[in-house]
Amino acid sequence: MIQDRVRNDEIWIKDFAWYNLSMLIEKTSGWADYSLLDSGDGYRLEKFGQFILARPDPQIIWSKKSLGEWKADAIFRRTSADRGFWEKKNPRLPEKWLMSYKNLFFWVKLSPFKHTGVFPEQSVQWDWITAQVFQAKRPLNILNLFGYTGIASLAAAKAGARVTHLDASRPAIAWARENQEASKLTDKPIRWIVDDALKFTGREIKRKVKYDGIIMDPPIYGHGPAGEKWDFNRDFPSLLANCRQILSDRPLFILVNAYAISSSALMLENVLADCTKGLGGRVESGELALQEKDGGRLLSTGIFGRWVR
């Protein structure tokens with residue numbers, strides 16, 4: 001039986017054929033410092049704090065809503081498949097500026113990969129993580145793999161969890177620490193680690209370290225700090241197998257976000273169902289989306305899968 005249901009901030013498609021699955025489209029809400037102003041002709045126009053940025057997005061093959069040229073403080077010009085440069089239109093645009101989401105604060109910077117250090121669509125996951133930690137009403141040990149600039153880690157720590165944050169990039173860890181200071185969470189128990197995710201989780205198995213919740217945002221391709229090569233399709237199943245072995249006796253959740261991969265959310269749903277067999281709970285998956293400021297079109301930005309007990 002398939003049932004469709006629309007809510008204020010998400011669309012559910014539920015299928016209870018042989019285990020409890022949910023397909024969702026989660027769209028951002030609750031932002032004061034961010035908005036998707038327009039999209040079209042291969043670009044998105046976004047407001048980050050007080051500044052407006054235009055960034056390329058190859059899936060945007062529709063037309064802009066606004067007429068005339070966009071007025072952006074900076075435009076990202078691509079020079080290769082994964083690199084480019086920011087053409088600054090506003091001479092007063094700083095090297096970095098502070099943004100906030102609810103009670104979290106973080107720095108925005110313009111990187112040569114078109115990223116800014118924050119993925120606004122992830123706010124729905126920060127809220128979800130916060131809710132899981134609050135509702136548990138017990139001490140929790142959370143692992144965040146491929147943690148980037150650390151906003152998910154800050155959300156978990158702010159809610160009361162102990163967090164181990166891992167990324168292969170030292171600059172990303174330094175950025176995450178800056179965000180911790182900006183959020184005034186330096187007293188929270190966050191362990192910052194530069195390491196390869198597969199190697200680290202393998203060592204945690206040997207050390208018999210356990211986690212109540214695991215968050216991860218694995219790229220399609222990547223490199224560890226010692227040059228280790230990461231390939232999503234080859235290595236992701238092994239990483240999940242490691243994660244299963246370091247789950248506690250009372251595990252709470254596994255959350256996986258994925259960008260720029262050719263697979264659908266159903267892939268995450270299936271592998272998470274395999275990983276969590278025998279643990280009970282439910283698996284849900286779907287897409288993350290940004291909604292244009294006027295409440296119109298949705299822009300899909302990535303896929304996710306969640307197991308929750």
# chains A, B, ... in the order shown; residues from 1 in each chain; ligands from 1

call {"tool": "residues_around", "arguments": {"residues": "Pro58 of chain A", "least_positions_apart": "6", "cutoff": "10 Å", "atoms": "only C-alpha atoms", "output": "ChimeraX atom specification"}}
result
/A:40-44

call {"tool": "write_last_selection", "arguments": {"atoms": "C-alpha atoms", "output": "PDB file, in the first residue's frame"}}
result
ATOM      1  CA  GLY A  40      17.906  29.520 -13.704  1.00  0.00           C
ATOM      2  CA  ASP A  41      20.216  29.203 -16.692  1.00  0.00           C
ATOM      3  CA  GLY A  42      22.690  27.027 -14.826  1.00  0.00           C
ATOM      4  CA  TYR A  43      23.025  29.262 -11.741  1.00  0.00           C
ATOM      5  CA  ARG A  44      21.464  29.841  -8.345  1.00  0.00           C
TER       6      ARG A  44
END

call {"tool": "select_by_dssp", "arguments": {"residues": "segment 63-175 of chain A", "states": "helix (DSSP H, G or I)", "output": "JSON, numbers by chain"}}
result
{"A": [120, 121, 122, 123, 124, 125, 126, 127, 128, 129, 130, 131, 132, 133, 134, 135, 136, 151, 152, 153, 154, 155, 156, 157, 158, 170, 171, 172, 173, 174, 175]}

call {"tool": "residues_around", "arguments": {"residues": "Val163 of chain A", "least_positions_apart": "6", "cutoff": "10 Å", "atoms": "only C-alpha atoms", "output": "PyMOL selection string"}}
result
chain A and resi 140-144+152-157+188-192+211+213-214

call {"tool": "write_last_selection", "arguments": {"atoms": "N, CA and C atoms", "output": "PDB file, in the first residue's frame"}}
result
ATOM      1  N   LEU A 140      24.820  10.676  25.343  1.00  0.00           N
ATOM      2  CA  LEU A 140      25.031  10.082  24.026  1.00  0.00           C
ATOM      3  C   LEU A 140      26.431  10.373  23.523  1.00  0.00           C
ATOM      4  N   ASN A 141      26.979   9.389  22.811  1.00  0.00           N
ATOM      5  CA  ASN A 141      28.279   9.521  22.167  1.00  0.00           C
ATOM      6  C   ASN A 141      28.032   9.506  20.658  1.00  0.00           C
ATOM      7  N   ILE A 142      28.313  10.615  19.974  1.00  0.00           N
ATOM      8  CA  ILE A 142      27.995  10.784  18.559  1.00  0.00           C
ATOM      9  C   ILE A 142      29.283  10.889  17.738  1.00  0.00           C
ATOM     10  N   LEU A 143      29.307  10.221  16.588  1.00  0.00           N
ATOM     11  CA  LEU A 143      30.432  10.280  15.653  1.00  0.00           C
ATOM     12  C   LEU A 143      29.984  10.984  14.383  1.00  0.00           C
ATOM     13  N   ASN A 144      30.744  11.991  13.963  1.00  0.00           N
ATOM     14  CA  ASN A 144      30.455  12.706  12.724  1.00  0.00           C
ATOM     15  C   ASN A 144      31.626  12.506  11.761  1.00  0.00           C
ATOM     16  N   ALA A 152      26.925  20.350  12.007  1.00  0.00           N
ATOM     17  CA  ALA A 152      26.167  19.222  12.562  1.00  0.00           C
ATOM     18  C   ALA A 152      26.735  18.799  13.913  1.00  0.00           C
ATOM     19  N   SER A 153      28.055  18.825  14.039  1.00  0.00           N
ATOM     20  CA  SER A 153      28.691  18.494  15.323  1.00  0.00           C
ATOM     21  C   SER A 153      28.297  19.493  16.398  1.00  0.00           C
ATOM     22  N   LEU A 154      28.254  20.771  16.029  1.00  0.00           N
ATOM     23  CA  LEU A 154      27.864  21.800  16.990  1.00  0.00           C
ATOM     24  C   LEU A 154      26.416  21.624  17.420  1.00  0.00           C
ATOM     25  N   ALA A 155      25.546  21.258  16.470  1.00  0.00           N
ATOM     26  CA  ALA A 155      24.138  21.032  16.809  1.00  0.00           C
ATOM     27  C   ALA A 155      23.999  19.893  17.816  1.00  0.00           C
ATOM     28  N   ALA A 156      24.734  18.796  17.595  1.00  0.00           N
ATOM     29  CA  ALA A 156      24.670  17.649  18.506  1.00  0.00           C
ATOM     30  C   ALA A 156      25.231  18.010  19.882  1.00  0.00           C
ATOM     31  N   ALA A 157      26.358  18.738  19.894  1.00  0.00           N
ATOM     32  CA  ALA A 157      26.972  19.119  21.160  1.00  0.00           C
ATOM     33  C   ALA A 157      26.092  20.112  21.923  1.00  0.00           C
ATOM     34  N   LYS A 188      31.950  22.653  25.275  1.00  0.00           N
ATOM     35  CA  LYS A 188      31.255  21.408  24.966  1.00  0.00           C
ATOM     36  C   LYS A 188      32.254  20.311  24.581  1.00  0.00           C
ATOM     37  N   PRO A 189      31.928  19.043  24.895  1.00  0.00           N
ATOM     38  CA  PRO A 189      32.858  17.934  24.641  1.00  0.00           C
ATOM     39  C   PRO A 189      32.873  17.496  23.171  1.00  0.00           C
ATOM     40  N   ILE A 190      33.696  18.189  22.372  1.00  0.00           N
ATOM     41  CA  ILE A 190      33.870  17.825  20.962  1.00  0.00           C
ATOM     42  C   ILE A 190      35.320  17.448  20.742  1.00  0.00           C
ATOM     43  N   ARG A 191      35.545  16.259  20.222  1.00  0.00           N
ATOM     44  CA  ARG A 191      36.891  15.789  19.907  1.00  0.00           C
ATOM     45  C   ARG A 191      37.121  15.967  18.409  1.00  0.00           C
ATOM     46  N   TRP A 192      38.123  16.761  18.035  1.00  0.00           N
ATOM     47  CA  TRP A 192      38.410  17.067  16.629  1.00  0.00           C
ATOM     48  C   TRP A 192      39.539  16.180  16.139  1.00  0.00           C
ATOM     49  N   TYR A 211      29.454   4.072  19.697  1.00  0.00           N
ATOM     50  CA  TYR A 211      28.745   5.323  19.452  1.00  0.00           C
ATOM     51  C   TYR A 211      27.242   5.067  19.398  1.00  0.00           C
ATOM     52  N   GLY A 213      25.124   7.330  17.985  1.00  0.00           N
ATOM     53  CA  GLY A 213      24.644   7.893  16.731  1.00  0.00           C
ATOM     54  C   GLY A 213      25.812   8.183  15.811  1.00  0.00           C
ATOM     55  N   ILE A 214      25.602   8.003  14.514  1.00  0.00           N
ATOM     56  CA  ILE A 214      26.661   8.246  13.530  1.00  0.00           C
ATOM     57  C   ILE A 214      26.103   9.123  12.417  1.00  0.00           C
TER      58      ILE A 214
END

call {"tool": "residues_around", "arguments": {"residues": "Glu269 of chain A", "least_positions_apart": "2", "cutoff": "7 Å", "atoms": "only C-alpha atoms", "output": "ChimeraX atom specification"}}
result
/A:265-267,271-273,283-285,305

call {"tool": "closest_residue", "arguments": {"among": "A:Arg177, A:Ser183, A:Phe304, A:Phe134", "to": "Gly160 of chain A", "atoms": "only C-alpha atoms"}}
result
A:Phe134

call {"tool": "closest_residue", "arguments": {"among": "A:Gly68, A:Pro171, A:Pro56, A:Gly30", "to": "Trp126 of chain A", "atoms": "only C-alpha atoms"}}
result
A:Gly30

call {"tool": "atom_distance", "arguments": {"atom1": "atom CA of Ile303 of chain A", "atom2": "atom CA of Lys27 of chain A"}}
result
11.8 Å

call {"tool": "decode", "arguments": {"residues": "segment 282-307 of chain A", "atoms": "N, CA and C atoms", "output": "PDB file, in the first residue's frame"}}
result
ATOM      1  N   ARG A 282      13.404   2.118  11.969  1.00  0.00           N
ATOM      2  CA  ARG A 282      12.930   2.316  10.609  1.00  0.00           C
ATOM      3  C   ARG A 282      14.004   3.012   9.776  1.00  0.00           C
ATOM      4  N   VAL A 283      13.908   2.818   8.484  1.00  0.00           N
ATOM      5  CA  VAL A 283      14.782   3.486   7.529  1.00  0.00           C
ATOM      6  C   VAL A 283      13.936   4.457   6.720  1.00  0.00           C
ATOM      7  N   GLU A 284      14.470   5.667   6.513  1.00  0.00           N
ATOM      8  CA  GLU A 284      13.797   6.637   5.667  1.00  0.00           C
ATOM      9  C   GLU A 284      14.838   7.325   4.799  1.00  0.00           C
ATOM     10  N   SER A 285      14.436   7.743   3.624  1.00  0.00           N
ATOM     11  CA  SER A 285      15.372   8.379   2.709  1.00  0.00           C
ATOM     12  C   SER A 285      14.647   9.389   1.855  1.00  0.00           C
ATOM     13  N   GLY A 286      15.418  10.205   1.165  1.00  0.00           N
ATOM     14  CA  GLY A 286      14.796  11.190   0.304  1.00  0.00           C
ATOM     15  C   GLY A 286      15.783  12.210  -0.202  1.00  0.00           C
ATOM     16  N   GLU A 287      15.266  13.366  -0.571  1.00  0.00           N
ATOM     17  CA  GLU A 287      16.069  14.449  -1.125  1.00  0.00           C
ATOM     18  C   GLU A 287      15.992  15.673  -0.230  1.00  0.00           C
ATOM     19  N   LEU A 288      17.089  16.423  -0.206  1.00  0.00           N
ATOM     20  CA  LEU A 288      17.106  17.726   0.436  1.00  0.00           C
ATOM     21  C   LEU A 288      16.868  18.782  -0.633  1.00  0.00           C
ATOM     22  N   ALA A 289      16.097  19.801  -0.300  1.00  0.00           N
ATOM     23  CA  ALA A 289      15.755  20.804  -1.307  1.00  0.00           C
ATOM     24  C   ALA A 289      15.747  22.196  -0.706  1.00  0.00           C
ATOM     25  N   LEU A 290      16.133  23.146  -1.525  1.00  0.00           N
ATOM     26  CA  LEU A 290      15.998  24.561  -1.207  1.00  0.00           C
ATOM     27  C   LEU A 290      14.754  25.079  -1.920  1.00  0.00           C
ATOM     28  N   GLN A 291      14.015  25.954  -1.256  1.00  0.00           N
ATOM     29  CA  GLN A 291      12.844  26.550  -1.890  1.00  0.00           C
ATOM     30  C   GLN A 291      13.100  28.029  -2.140  1.00  0.00           C
ATOM     31  N   GLU A 292      12.759  28.469  -3.337  1.00  0.00           N
ATOM     32  CA  GLU A 292      12.966  29.875  -3.660  1.00  0.00           C
ATOM     33  C   GLU A 292      12.160  30.766  -2.709  1.00  0.00           C
ATOM     34  N   LYS A 293      12.683  31.962  -2.480  1.00  0.00           N
ATOM     35  CA  LYS A 293      12.160  32.853  -1.449  1.00  0.00           C
ATOM     36  C   LYS A 293      10.675  33.123  -1.579  1.00  0.00           C
ATOM     37  N   ASP A 294      10.168  33.183  -2.812  1.00  0.00           N
ATOM     38  CA  ASP A 294       8.752  33.479  -3.013  1.00  0.00           C
ATOM     39  C   ASP A 294       7.847  32.278  -2.747  1.00  0.00           C
ATOM     40  N   GLY A 295       8.454  31.180  -2.254  1.00  0.00           N
ATOM     41  CA  GLY A 295       7.669  29.988  -1.945  1.00  0.00           C
ATOM     42  C   GLY A 295       7.365  29.143  -3.150  1.00  0.00           C
ATOM     43  N   GLY A 296       8.099  29.355  -4.226  1.00  0.00           N
ATOM     44  CA  GLY A 296       7.838  28.651  -5.458  1.00  0.00           C
ATOM     45  C   GLY A 296       8.671  27.404  -5.649  1.00  0.00           C
ATOM     46  N   ARG A 297       9.518  27.414  -6.666  1.00  0.00           N
ATOM     47  CA  ARG A 297      10.210  26.198  -7.097  1.00  0.00           C
ATOM     48  C   ARG A 297      11.142  25.631  -6.029  1.00  0.00           C
ATOM     49  N   LEU A 298      11.254  24.308  -6.056  1.00  0.00           N
ATOM     50  CA  LEU A 298      12.211  23.612  -5.206  1.00  0.00           C
ATOM     51  C   LEU A 298      13.436  23.249  -6.028  1.00  0.00           C
ATOM     52  N   LEU A 299      14.600  23.360  -5.410  1.00  0.00           N
ATOM     53  CA  LEU A 299      15.864  22.975  -6.029  1.00  0.00           C
ATOM     54  C   LEU A 299      16.448  21.816  -5.226  1.00  0.00           C
ATOM     55  N   SER A 300      16.507  20.644  -5.827  1.00  0.00           N
ATOM     56  CA  SER A 300      17.095  19.483  -5.153  1.00  0.00           C
ATOM     57  C   SER A 300      18.604  19.669  -5.057  1.00  0.00           C
ATOM     58  N   THR A 301      19.161  19.412  -3.884  1.00  0.00           N
ATOM     59  CA  THR A 301      20.593  19.644  -3.673  1.00  0.00           C
ATOM     60  C   THR A 301      21.368  18.384  -3.299  1.00  0.00           C
ATOM     61  N   GLY A 302      20.693  17.353  -2.854  1.00  0.00           N
ATOM     62  CA  GLY A 302      21.390  16.135  -2.451  1.00  0.00           C
ATOM     63  C   GLY A 302      20.399  15.097  -1.957  1.00  0.00           C
ATOM     64  N   ILE A 303      20.915  13.926  -1.624  1.00  0.00           N
ATOM     65  CA  ILE A 303      20.068  12.853  -1.096  1.00  0.00           C
ATOM     66  C   ILE A 303      20.517  12.495   0.317  1.00  0.00           C
ATOM     67  N   PHE A 304      19.649  11.820   1.044  1.00  0.00           N
ATOM     68  CA  PHE A 304      19.992  11.397   2.395  1.00  0.00           C
ATOM     69  C   PHE A 304      19.285  10.092   2.722  1.00  0.00           C
ATOM     70  N   GLY A 305      19.828   9.403   3.713  1.00  0.00           N
ATOM     71  CA  GLY A 305      19.193   8.220   4.274  1.00  0.00           C
ATOM     72  C   GLY A 305      19.358   8.264   5.781  1.00  0.00           C
ATOM     73  N   ARG A 306      18.338   7.837   6.500  1.00  0.00           N
ATOM     74  CA  ARG A 306      18.403   7.847   7.970  1.00  0.00           C
ATOM     75  C   ARG A 306      17.825   6.543   8.517  1.00  0.00           C
ATOM     76  N   TRP A 307      18.554   5.956   9.452  1.00  0.00           N
ATOM     77  CA  TRP A 307      17.974   4.891  10.266  1.00  0.00           C
ATOM     78  C   TRP A 307      17.793   5.456  11.662  1.00  0.00           C
TER      79      TRP A 307
END
